[in-house]
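Student: Provided herewith: upload-v4.csv, CSV, C-alpha atoms.
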chain,number,residue,atom,x,y,z
Y,1,MET,CA,-23.2,40.9,51.9
Y,2,GLU,CA,-21.0,40.3,54.9
Y,3,LYS,CA,-20.9,43.1,57.4
Y,4,GLU,CA,-18.3,41.8,59.8
Y,5,ALA,CA,-15.2,43.8,60.1
Y,6,PRO,CA,-12.6,41.4,58.6
Y,7,SER,CA,-14.7,40.6,55.6
Y,8,LEU,CA,-15.5,44.3,55.0
Y,9,ASP,CA,-11.9,45.0,55.2
Y,10,LEU,CA,-11.2,42.4,52.5
Y,11,ILE,CA,-13.8,44.0,50.3
Y,12,LEU,CA,-12.4,47.5,50.7
Y,13,LYS,CA,-8.9,46.3,50.0
Y,14,GLY,CA,-9.9,44.8,46.6
Y,15,LEU,CA,-11.8,48.0,45.8
Y,16,TRP,CA,-8.9,50.5,46.2
Y,17,LYS,CA,-5.7,49.5,47.9
Y,18,GLU,CA,-5.1,46.3,46.0
Y,19,ASN,CA,-7.2,47.1,43.0
Y,20,PRO,CA,-6.7,44.3,40.5
Y,21,VAL,CA,-6.6,46.7,37.6
Y,22,PHE,CA,-4.6,49.7,38.8
Y,23,VAL,CA,-2.2,48.0,41.1
Y,24,GLN,CA,-1.7,44.5,39.6
Y,25,LEU,CA,-2.6,45.3,36.0
Y,26,LEU,CA,-4.8,42.3,35.5
Y,27,GLY,CA,-7.8,41.9,33.3
Y,28,MET,CA,-6.6,44.4,30.8
Y,29,CYS,CA,-8.3,42.8,27.7
Y,30,PRO,CA,-12.0,43.2,28.7
Y,31,LEU,CA,-11.2,46.5,30.4
Y,32,LEU,CA,-10.0,48.1,27.2
Y,33,ALA,CA,-12.3,46.3,24.8
Y,34,VAL,CA,-15.7,46.8,26.2
Y,35,SER,CA,-15.4,50.1,28.0
Y,36,ASN,CA,-16.6,52.2,25.0
Y,37,SER,CA,-20.0,52.8,26.6
Y,38,VAL,CA,-21.3,53.0,30.1
Y,39,LYS,CA,-23.9,50.3,29.4
Y,40,ASN,CA,-21.3,47.8,28.1
Y,41,ALA,CA,-18.9,48.6,31.0
Y,42,LEU,CA,-21.6,48.1,33.6
Y,43,SER,CA,-22.7,44.7,32.1
Y,44,MET,CA,-19.1,43.6,31.8
Y,45,GLY,CA,-18.4,44.6,35.4
Y,46,LEU,CA,-21.5,42.8,36.7
Y,47,ALA,CA,-20.9,39.6,34.7
Y,48,THR,CA,-17.2,39.4,35.8
Y,49,THR,CA,-18.1,40.0,39.4
Y,50,PHE,CA,-20.8,37.3,39.2
Y,51,VAL,CA,-18.3,34.7,37.8
Y,52,LEU,CA,-15.6,35.8,40.2
Y,53,VAL,CA,-17.8,35.5,43.3
Y,54,PHE,CA,-19.4,32.2,42.4
Y,55,SER,CA,-16.2,30.5,41.2
Y,56,ALA,CA,-14.4,31.7,44.3
Y,57,ALA,CA,-17.2,30.1,46.5
Y,58,LEU,CA,-17.1,26.8,44.6
Y,59,VAL,CA,-13.3,26.6,44.5
Y,60,SER,CA,-13.1,27.3,48.3
Y,61,LEU,CA,-15.8,24.6,49.0
Y,62,LEU,CA,-14.0,22.0,46.8
Y,63,LYS,CA,-10.5,22.9,47.8
Y,64,ARG,CA,-10.0,19.6,49.7
Y,65,LEU,CA,-11.3,17.5,46.8
Y,66,ILE,CA,-9.2,19.0,44.0
Y,67,PRO,CA,-5.9,17.2,43.5
Y,68,LYS,CA,-2.9,19.5,43.4
Y,69,GLU,CA,-1.6,18.3,40.0
Y,70,VAL,CA,-4.7,19.1,38.0
Y,71,ARG,CA,-5.9,22.1,40.0
Y,72,MET,CA,-5.5,24.6,37.1
Y,73,GLY,CA,-7.7,22.4,34.8
Y,74,CYS,CA,-10.3,22.1,37.5
Y,75,TYR,CA,-10.4,25.9,38.2
Y,76,ILE,CA,-10.7,26.6,34.5
Y,77,LEU,CA,-13.6,24.1,34.2
Y,78,ILE,CA,-15.4,25.7,37.2
Y,79,ILE,CA,-14.9,29.2,35.8
Y,80,ALA,CA,-15.9,28.2,32.3
Y,81,SER,CA,-19.2,26.7,33.7
Y,82,PHE,CA,-20.1,29.9,35.4
Y,83,VAL,CA,-19.2,32.0,32.4
Y,84,THR,CA,-21.5,29.8,30.3
Y,85,ILE,CA,-24.3,30.5,32.9
Y,86,ALA,CA,-23.6,34.2,32.8
Y,87,GLU,CA,-23.7,34.2,29.0
Y,88,TYR,CA,-27.1,32.5,28.9
Y,89,VAL,CA,-28.5,34.7,31.6
Y,90,MET,CA,-27.3,37.8,29.8
Y,91,GLN,CA,-28.9,36.6,26.6
Y,92,ALA,CA,-32.2,36.1,28.4
Y,93,ILE,CA,-32.1,39.5,30.0
Y,94,SER,CA,-31.1,41.6,27.0
Y,95,LEU,CA,-30.2,40.3,23.6
Y,96,GLU,CA,-28.9,43.8,22.6
Y,97,ILE,CA,-26.3,43.8,25.4
Y,98,HIS,CA,-25.3,40.3,24.5
Y,99,ARG,CA,-24.7,41.3,20.9
Y,100,SER,CA,-22.8,44.4,21.7
Y,101,LEU,CA,-20.4,42.5,24.1
Y,102,GLY,CA,-20.0,39.7,21.5
Y,103,ALA,CA,-17.3,37.2,22.1
Y,104,PHE,CA,-16.0,39.2,25.1
Y,105,THR,CA,-18.6,37.5,27.4
Y,106,SER,CA,-17.0,34.2,26.7
Y,107,LEU,CA,-13.6,35.7,27.0
Y,108,ILE,CA,-14.3,36.3,30.8
Y,109,VAL,CA,-12.9,32.7,31.1
Y,110,VAL,CA,-9.4,33.9,30.4
Y,111,ASN,CA,-9.6,37.0,32.6
Y,112,CYS,CA,-6.5,36.6,34.8
Y,113,ILE,CA,-8.3,38.2,37.8
Y,114,ILE,CA,-10.6,35.2,38.2
Y,115,LEU,CA,-7.9,32.5,37.8
Y,116,GLY,CA,-5.6,34.5,40.1
Y,117,GLN,CA,-8.3,34.7,42.7
Y,118,ALA,CA,-8.9,30.9,42.5
Y,119,GLU,CA,-5.3,30.0,42.6
Y,120,SER,CA,-3.9,32.5,45.2
Y,121,PHE,CA,-6.8,33.0,47.6
Y,122,SER,CA,-9.9,30.8,47.3
Y,123,SER,CA,-7.8,27.6,47.3
Y,124,LYS,CA,-6.4,28.5,50.7
Y,125,HIS,CA,-9.2,30.2,52.5
Y,126,LYS,CA,-12.7,29.3,53.9
Y,127,LEU,CA,-15.9,30.2,52.1
Y,128,LEU,CA,-16.7,33.5,53.7
Y,129,PRO,CA,-13.3,35.2,53.3
Y,130,SER,CA,-13.1,33.9,49.7
Y,131,VAL,CA,-16.5,35.3,48.8
Y,132,ALA,CA,-15.6,38.7,50.5
Y,133,HIS,CA,-12.3,38.9,48.7
Y,134,ALA,CA,-13.8,38.0,45.4
Y,135,LEU,CA,-16.5,40.6,45.9
Y,136,GLY,CA,-13.9,43.2,46.6
Y,137,ARG,CA,-11.9,42.4,43.6
Y,138,GLY,CA,-15.0,42.2,41.4
Y,139,ALA,CA,-16.0,45.7,42.7
Y,140,GLY,CA,-12.5,47.0,42.1
Y,141,PHE,CA,-12.6,45.7,38.5
Y,142,SER,CA,-16.1,47.2,38.0
Y,143,LEU,CA,-15.0,50.5,39.4
Y,144,ALA,CA,-12.1,50.6,36.9
Y,145,ILE,CA,-14.2,49.6,33.9
Y,146,LEU,CA,-17.0,52.0,34.9
Y,147,CYS,CA,-14.6,54.9,35.2
Y,148,MET,CA,-13.3,54.0,31.7
Y,149,GLY,CA,-16.8,53.7,30.3
Y,150,ILE,CA,-18.0,57.0,31.8
Y,151,ILE,CA,-15.0,59.0,30.5
Y,152,ARG,CA,-15.1,57.3,27.1
Y,153,GLU,CA,-18.9,57.7,26.5
Y,154,VAL,CA,-19.3,61.2,28.0
Y,155,VAL,CA,-16.3,62.7,26.2
Y,156,GLY,CA,-16.3,60.5,23.1
Y,157,LYS,CA,-20.0,60.6,22.3
Y,158,GLY,CA,-21.4,63.3,24.5
Y,159,SER,CA,-23.9,61.0,26.2
Y,160,PHE,CA,-24.4,59.0,29.4
Y,161,PHE,CA,-26.3,55.7,29.2
Y,162,GLU,CA,-27.2,56.8,25.6
Y,163,ILE,CA,-28.9,60.0,26.9
Y,164,PRO,CA,-27.3,63.0,25.2
Y,165,LEU,CA,-25.8,65.4,27.7
Y,166,PHE,CA,-24.5,68.5,26.0
Y,167,GLY,CA,-27.0,69.4,23.2
Y,168,GLU,CA,-26.3,69.5,19.5
Y,169,GLN,CA,-23.4,71.9,19.3
Y,170,TYR,CA,-21.1,69.5,21.2
Y,171,GLN,CA,-18.3,68.2,19.0
Y,172,ALA,CA,-17.8,64.7,20.2
Y,173,TRP,CA,-14.2,63.6,20.6
Y,174,THR,CA,-14.8,60.4,18.7
Y,175,LEU,CA,-11.2,59.2,19.1
Y,176,LEU,CA,-12.1,58.1,22.7
Y,177,ILE,CA,-14.6,55.5,21.7
Y,178,LEU,CA,-12.3,54.1,19.1
Y,179,PRO,CA,-9.7,51.4,20.2
Y,180,SER,CA,-6.9,53.9,20.6
Y,181,GLY,CA,-9.0,55.9,23.0
Y,182,GLY,CA,-9.1,52.9,25.4
Y,183,PHE,CA,-5.3,53.0,25.7
Y,184,PHE,CA,-5.2,56.7,26.3
Y,185,VAL,CA,-8.0,56.7,29.0
Y,186,LEU,CA,-6.4,53.8,30.8
Y,187,ALA,CA,-3.0,55.6,30.8
Y,188,LEU,CA,-4.7,58.7,32.2
Y,189,LEU,CA,-6.5,56.7,34.9
Y,190,LEU,CA,-3.2,54.9,35.9
Y,191,MET,CA,-1.5,58.3,36.3
Y,192,LEU,CA,-4.4,59.6,38.4
Y,193,TYR,CA,-4.4,56.5,40.6
Y,194,GLU,CA,-0.6,56.9,41.1
Y,195,THR,CA,-1.0,60.5,42.1
Y,196,PHE,CA,-3.8,59.9,44.5
Y,197,SER,CA,-2.3,56.9,46.2
Y,198,LYS,CA,1.0,58.7,46.7
Y,199,GLU,CA,-0.8,61.6,48.4
Y,200,SER,CA,-2.9,59.4,50.6
Y,201,GLY,CA,-0.1,57.1,51.7
A,1,MET,CA,-13.6,43.0,-1.9
A,2,ASN,CA,-15.6,39.9,-0.9
A,3,THR,CA,-15.5,39.6,2.9
A,4,ASP,CA,-15.3,35.9,2.7
A,5,SER,CA,-12.3,35.6,0.4
A,6,LEU,CA,-9.2,34.2,1.9
A,7,GLY,CA,-7.1,37.2,1.0
A,8,PHE,CA,-9.5,39.5,2.8
A,9,ILE,CA,-9.6,37.3,5.9
A,10,PHE,CA,-5.9,37.2,6.1
A,11,LEU,CA,-5.4,41.0,5.5
A,12,SER,CA,-8.2,41.8,7.9
A,13,SER,CA,-6.9,39.8,10.8
A,14,LEU,CA,-3.3,40.9,10.1
A,15,LEU,CA,-3.7,44.6,9.8
A,16,ILE,CA,-7.2,46.1,9.7
A,17,ASN,CA,-8.6,44.3,12.8
A,18,ASN,CA,-5.3,43.6,14.4
A,19,PHE,CA,-5.9,41.4,17.4
A,20,VAL,CA,-3.8,43.4,19.8
A,21,LEU,CA,-4.5,47.0,18.6
A,22,SER,CA,-8.2,46.9,17.8
A,23,TYR,CA,-9.7,43.9,19.6
A,24,PHE,CA,-7.4,44.2,22.7
A,25,LEU,CA,-6.7,40.5,22.8
A,26,GLY,CA,-3.4,39.4,24.1
A,27,ILE,CA,-2.7,42.6,25.9
A,28,CYS,CA,-1.0,41.0,28.8
A,29,PRO,CA,2.0,39.6,26.9
A,30,PHE,CA,1.9,42.8,24.8
A,31,LEU,CA,2.5,44.9,27.8
A,32,GLY,CA,4.6,42.5,29.8
A,33,VAL,CA,6.9,40.7,27.4
A,34,SER,CA,7.5,43.2,24.8
A,35,GLY,CA,10.7,44.7,26.2
A,36,LYS,CA,13.2,43.0,23.9
A,37,LEU,CA,13.1,42.4,20.2
A,38,GLY,CA,14.4,38.9,20.2
A,39,ARG,CA,12.0,37.7,22.9
A,40,ALA,CA,9.1,39.4,21.2
A,41,LEU,CA,9.8,37.5,18.0
A,42,LYS,CA,10.0,34.1,19.7
A,43,MET,CA,6.8,34.8,21.6
A,44,GLY,CA,5.0,35.9,18.5
A,45,PHE,CA,6.0,32.7,16.6
A,46,ALA,CA,5.0,30.5,19.6
A,47,VAL,CA,1.6,32.2,19.7
A,48,THR,CA,1.1,31.9,15.9
A,49,PHE,CA,1.9,28.2,16.1
A,50,VAL,CA,-0.5,27.4,18.9
A,51,MET,CA,-3.2,29.6,17.3
A,52,LEU,CA,-3.0,27.5,14.1
A,53,ILE,CA,-3.3,24.2,16.0
A,54,SER,CA,-6.0,25.4,18.3
A,55,SER,CA,-7.9,26.9,15.4
A,56,LEU,CA,-7.8,23.5,13.7
A,57,SER,CA,-9.0,21.7,16.8
A,58,ALA,CA,-11.7,24.4,17.4
A,59,THR,CA,-13.2,23.8,14.0
A,60,LEU,CA,-13.3,20.0,14.6
A,61,ILE,CA,-14.9,20.5,18.1
A,62,HIS,CA,-17.5,22.9,16.8
A,63,SER,CA,-18.7,20.4,14.1
A,64,LEU,CA,-18.7,17.6,16.7
A,65,LEU,CA,-20.7,19.7,19.1
A,66,VAL,CA,-23.2,20.7,16.4
A,67,TRP,CA,-23.6,17.0,15.5
A,68,LEU,CA,-24.1,16.1,19.2
A,69,ASP,CA,-26.5,19.1,19.6
A,70,ALA,CA,-24.5,20.2,22.7
A,71,LEU,CA,-23.5,23.8,21.8
A,72,PHE,CA,-23.7,24.9,25.4
A,73,LEU,CA,-20.6,22.9,26.1
A,74,GLN,CA,-18.7,24.9,23.5
A,75,LEU,CA,-16.8,27.3,25.8
A,76,ILE,CA,-15.8,24.6,28.2
A,77,ALA,CA,-14.7,22.3,25.4
A,78,PHE,CA,-12.6,25.1,23.7
A,79,ILE,CA,-10.7,26.1,26.8
A,80,LEU,CA,-10.0,22.5,27.9
A,81,VAL,CA,-8.8,21.5,24.4
A,82,ILE,CA,-6.6,24.6,24.1
A,83,ALA,CA,-5.0,24.0,27.5
A,84,SER,CA,-4.3,20.4,26.6
A,85,VAL,CA,-3.1,21.3,23.1
A,86,VAL,CA,-0.6,23.7,24.6
A,87,GLN,CA,0.6,21.1,26.9
A,88,LEU,CA,0.9,18.5,24.1
A,89,VAL,CA,2.8,21.0,21.9
A,90,GLU,CA,5.1,21.6,24.8
A,91,MET,CA,5.9,17.9,25.2
A,92,VAL,CA,6.4,17.4,21.5
A,93,ILE,CA,8.8,20.3,21.1
A,94,LYS,CA,10.6,19.2,24.2
A,95,LYS,CA,11.1,15.7,22.8
A,96,TYR,CA,12.1,16.6,19.3
A,97,SER,CA,13.8,20.0,19.5
A,98,ARG,CA,15.6,20.8,22.7
A,99,ALA,CA,17.0,24.1,21.3
A,100,LEU,CA,13.6,25.4,20.3
A,101,PHE,CA,12.1,24.4,23.7
A,102,GLU,CA,14.8,26.2,25.6
A,103,SER,CA,14.5,29.3,23.5
A,104,LEU,CA,10.7,29.5,24.0
A,105,GLY,CA,11.0,28.7,27.7
A,106,ILE,CA,8.3,30.0,30.0
A,107,PHE,CA,6.3,31.4,27.1
A,108,LEU,CA,4.7,28.2,26.0
A,109,PRO,CA,2.8,27.4,29.2
A,110,LEU,CA,1.8,31.1,29.5
A,111,ILE,CA,0.1,30.9,26.1
A,112,THR,CA,-2.8,29.0,27.6
A,113,THR,CA,-4.0,32.1,29.3
A,114,ASN,CA,-3.5,34.3,26.3
A,115,CYS,CA,-7.0,35.5,25.4
A,116,ALA,CA,-6.0,35.9,21.8
A,117,ILE,CA,-5.9,32.1,21.3
A,118,LEU,CA,-9.4,31.6,22.7
A,119,GLY,CA,-10.4,34.7,20.8
A,120,VAL,CA,-9.4,33.1,17.5
A,121,ALA,CA,-11.5,30.0,18.3
A,122,LEU,CA,-14.5,32.1,19.3
A,123,PHE,CA,-14.4,34.5,16.5
A,124,GLN,CA,-14.0,31.9,13.8
A,125,THR,CA,-17.0,30.0,15.2
A,126,ALA,CA,-19.1,33.2,15.4
A,127,ARG,CA,-18.3,34.1,11.8
A,128,GLU,CA,-18.9,30.6,10.6
A,129,TYR,CA,-15.6,30.2,8.8
A,130,ASN,CA,-14.9,26.8,7.1
A,131,LEU,CA,-11.7,24.9,7.9
A,132,LEU,CA,-9.5,26.7,5.3
A,133,GLN,CA,-10.8,30.1,6.2
A,134,SER,CA,-10.3,29.4,9.9
A,135,LEU,CA,-6.6,28.5,9.3
A,136,ILE,CA,-6.0,31.6,7.3
A,137,PHE,CA,-7.7,33.7,9.9
A,138,ALA,CA,-5.5,32.1,12.7
A,139,LEU,CA,-2.4,32.6,10.6
A,140,GLY,CA,-3.2,36.3,10.0
A,141,ALA,CA,-4.1,36.9,13.6
A,142,GLY,CA,-0.9,35.2,14.8
A,143,LEU,CA,1.3,37.2,12.4
A,144,GLY,CA,-0.6,40.4,13.3
A,145,PHE,CA,0.1,39.7,17.0
A,146,THR,CA,3.8,39.1,16.2
A,147,LEU,CA,3.9,42.4,14.2
A,148,ALA,CA,2.3,44.4,17.0
A,149,LEU,CA,4.6,42.8,19.6
A,150,LEU,CA,7.7,43.6,17.4
A,151,ILE,CA,6.8,47.2,16.7
A,152,MET,CA,6.1,47.7,20.4
A,153,ALA,CA,9.4,46.0,21.5
A,154,GLY,CA,11.4,48.2,19.0
A,155,LEU,CA,9.7,51.3,20.3
A,156,ARG,CA,10.3,50.4,23.9
A,157,GLU,CA,14.0,49.6,23.3
A,158,GLN,CA,14.3,53.2,22.0
A,159,LEU,CA,12.2,54.6,24.8
A,160,GLY,CA,14.5,53.1,27.4
A,161,LEU,CA,17.0,55.7,26.4
A,162,ALA,CA,14.7,58.7,26.5
A,163,LYS,CA,14.0,60.9,29.5
A,164,VAL,CA,10.4,60.9,30.5
A,165,PRO,CA,8.6,62.5,33.5
A,166,ASN,CA,8.3,60.3,36.6
A,167,LEU,CA,4.5,60.3,36.5
A,168,ILE,CA,4.1,58.5,33.2
A,169,GLN,CA,7.0,56.1,33.5
A,170,GLY,CA,6.2,52.4,33.2
A,171,THR,CA,2.8,51.1,32.2
A,172,ALA,CA,1.2,54.5,31.5
A,173,LEU,CA,3.9,55.3,29.0
A,174,THR,CA,3.5,51.9,27.3
A,175,LEU,CA,-0.2,52.5,27.1
A,176,LEU,CA,0.2,55.9,25.5
A,177,VAL,CA,2.6,54.4,22.9
A,178,ALA,CA,0.1,51.6,22.3
A,179,GLY,CA,-2.7,54.2,21.8
A,180,ILE,CA,-0.7,56.1,19.2
A,181,LEU,CA,0.2,52.8,17.5
A,182,SER,CA,-3.4,51.8,17.5
A,183,MET,CA,-4.3,55.1,15.9
A,184,SER,CA,-1.8,54.6,13.1
A,185,PHE,CA,-3.2,51.1,12.5
A,186,MET,CA,-6.6,52.7,11.9
A,187,GLY,CA,-5.1,53.9,8.7
A,188,PHE,CA,-5.3,50.4,7.4
A,189,ALA,CA,-9.1,50.5,7.5
A,190,GLY,CA,-9.0,51.8,3.9
A,191,LEU,CA,-7.5,48.6,2.7
A,192,GLY,CA,-10.8,46.8,3.2
A,193,GLY,CA,-12.4,49.0,0.4
What does this structure look like when you write it as structure tokens?

Tutor:
Amino acid sequence: MEKEAPSLDLILKGLWKENPVFVQLLGMCPLLAVSNSVKNALSMGLATTFVLVFSAALVSLLKRLIPKEVRMGCYILIIASFVTIAEYVMQAISLEIHRSLGAFTSLIVVNCIILGQAESFSSKHKLLPSVAHALGRGAGFSLAILCMGIIREVVGKGSFFEIPLFGEQYQAWTLLILPSGGFFVLALLLMLYETFSKESG
Amino acid sequence: MNTDSLGFIFLSSLLINNFVLSYFLGICPFLGVSGKLGRALKMGFAVTFVMLISSLSATLIHSLLVWLDALFLQLIAFILVIASVVQLVEMVIKKYSRALFESLGIFLPLITTNCAILGVALFQTAREYNLLQSLIFALGAGLGFTLALLIMAGLREQLGLAKVPNLIQGTALTLLVAGILSMSFMGFAGLGG
């Protein structure tokens, strides 16, 4: 969206250097729960980014009007409204995706990335930087959940976006699409991130 | 076994579909707090307590919203009520039992953002449980959370003494342990029959 240097910098920071998942370990629940296929992961990433960006925009516009004492309640209300919108939009686009995500669409409300964004950034910054920052963090979360989704679906089911990849002889490593696989893949990704970020910096 | 029977609901939310290990709800406290056995136990009981109360209020809200024909407000109503219930519980405990309040400490306010609590409210609504079933479901889920937290805390106390490679120290190691734990909980699937 914004192509100015400072905003772009904010976006890139959220995507890699201050990635909410790999560095701050936020938003673990949806990350582990709905990353068992690429499609689920992509829809979850998009929905979370949508809520993140719009709630950040609204919080930063309303920051003068929200009294300090009840700010948490106000933020949660704003976030819950956007999550409800996202849920209905998702239901309108594809009932199938809505069913496979189940209650986890509603659970975006308690994703700590979003509340953290509202509390520690949007409430102190102007509209444009808040949106850029939120966009970066949303992209960072989507990147992480997509990595998980791709690894888990390709190895665990032998398919990508439900298109079979390897032919019939492939013995799918089913463990990876089961709950425990989520923990293993995330551990692997954390180790990879650690290694790469040490080498580059 | 009948999937609507109380025993099945309890067993299923306690072991088979353990909230932490197979639904991934409440991962944050699971990874963050579970360093010490005593703290894990207290945290678990606090969560179970709040779960019971918020499950009760969620059932009431749901029937009120159905009556008002305003289901689109459900999520907003749930999260608001849970947040205020936690606050209320905190005040009541503070007033009547200073010792309990101090031992729970920071955990009580943190519970608001525990997704397991909202998860209980959402799941019980989606599965159309009645009041009694919801309470049993919440109790099972809370005890299941406590169980997972306790096992993890015990394992981590032991792991603290072990030598591990630098690369997997910290969160990665915890995640690997959680993965193995989750795999062993899969064995309970047979209980459902």

Student: So which residues touch Ile163 (chain Y) within 12 Å, counting all atoms listed in the file, skipping near sequence neighbours fewer than 4 positions away, as a ChimeraX atom specification?

Tutor: /Y:37-39,153-154,157-159,167

Student: Quick check, in Å to one decimal: how far apart do CA of Pro30 (chain Y) and CA of Ile145 (chain Y) lie?

Tutor: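 One can read the CA of Pro30 (chain Y) to CA of Ile145 (chain Y) distance as 8.5 Å.
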
Student: Chain Y residues within 9 Å of chain A, counting only C-alpha atoms: which ones, as a ChimeraX atom specification?

Tutor: /Y:25-33,73,76-77,79-81,83-84,102-104,106-107,109-112,175,178-191,194-195

Student: So, counting only C-alpha atoms, which residue among A:Ser12, A:Asn130, A:Ser5, A:Gln87 is closest to Ser55 (chain A)?

Tutor: A:Asn130

Student: Name the closest residue to Ala144 (chain Y) among the candidates Y:Tyr193, Y:Phe54, Y:Tyr170, Y:Phe161; distances are taken between atoms, counting only C-alpha atoms.

Tutor: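 Answer, going by the shortest atom-to-atom distance: Y:Tyr193.
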
Student: For the interface of region 15-74 of chain A with region 133-137 of chain A (cut-off 8 Å, counting only C-alpha atoms), please tabulate each contacting residue of region 15-74 of chain A alongside its nearest pair of atoms and their separation in Å to one decimal, rows sorted by chain and increasing number, as a Markdown table.

Tutor:
| residue | atom | partner | partner_atom | distance |
| --- | --- | --- | --- | --- |
| A:Leu52 | CA | A:Leu135 | CA | 6.1 |
| A:Ser55 | CA | A:Leu135 | CA | 6.4 |
| A:Leu56 | CA | A:Leu135 | CA | 6.8 |
| A:Thr59 | CA | A:Ser134 | CA | 7.5 |

Student: For the atom pair CA of Lys124 (chain Y) and CA of Leu143 (chain Y), what is the interatomic distance in Å to one decimal place?

Tutor: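 If I compute the distance from CA of Lys124 (chain Y) to CA of Leu143 (chain Y), I get 26.2 Å.
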
Student: Could you jot down the CA of Glu162 (chain Y) to CA of Met44 (chain Y) separation for me, Å, one decimal place?

Tutor: 16.7 Å

Student: Could the residues of region 24-65 of chain A that have an atom at most 12 Å from region 89-98 of chain A be listed as a Markdown table, each with its closest atom pair and the distance in Å to one decimal, counting all atoms listed in the file and ordered by chain and ascending residue number?

Tutor:
| residue | atom | partner | partner_atom | distance |
| --- | --- | --- | --- | --- |
| A:Ala46 | CA | A:Val89 | CA | 10.0 |
| A:Val47 | CA | A:Val89 | CA | 11.5 |
| A:Phe49 | CA | A:Val89 | CA | 9.3 |
| A:Val50 | CA | A:Val89 | CA | 7.8 |
| A:Met51 | CA | A:Val89 | CA | 11.5 |
| A:Leu52 | CA | A:Val89 | CA | 11.7 |
| A:Ile53 | CA | A:Val89 | CA | 9.1 |
| A:Ser54 | CA | A:Val89 | CA | 10.5 |

Student: Give me the box for region 108-120 of chain Y as JSON, namely the centre and edge lengths in Å to one decimal of a box along x, y and z that holds every listed atom plus 8 Å on each side.

Tutor:
{"center_x": -9.1, "center_y": 34.1, "center_z": 37.8, "size_x": 26.4, "size_y": 24.2, "size_z": 30.8}
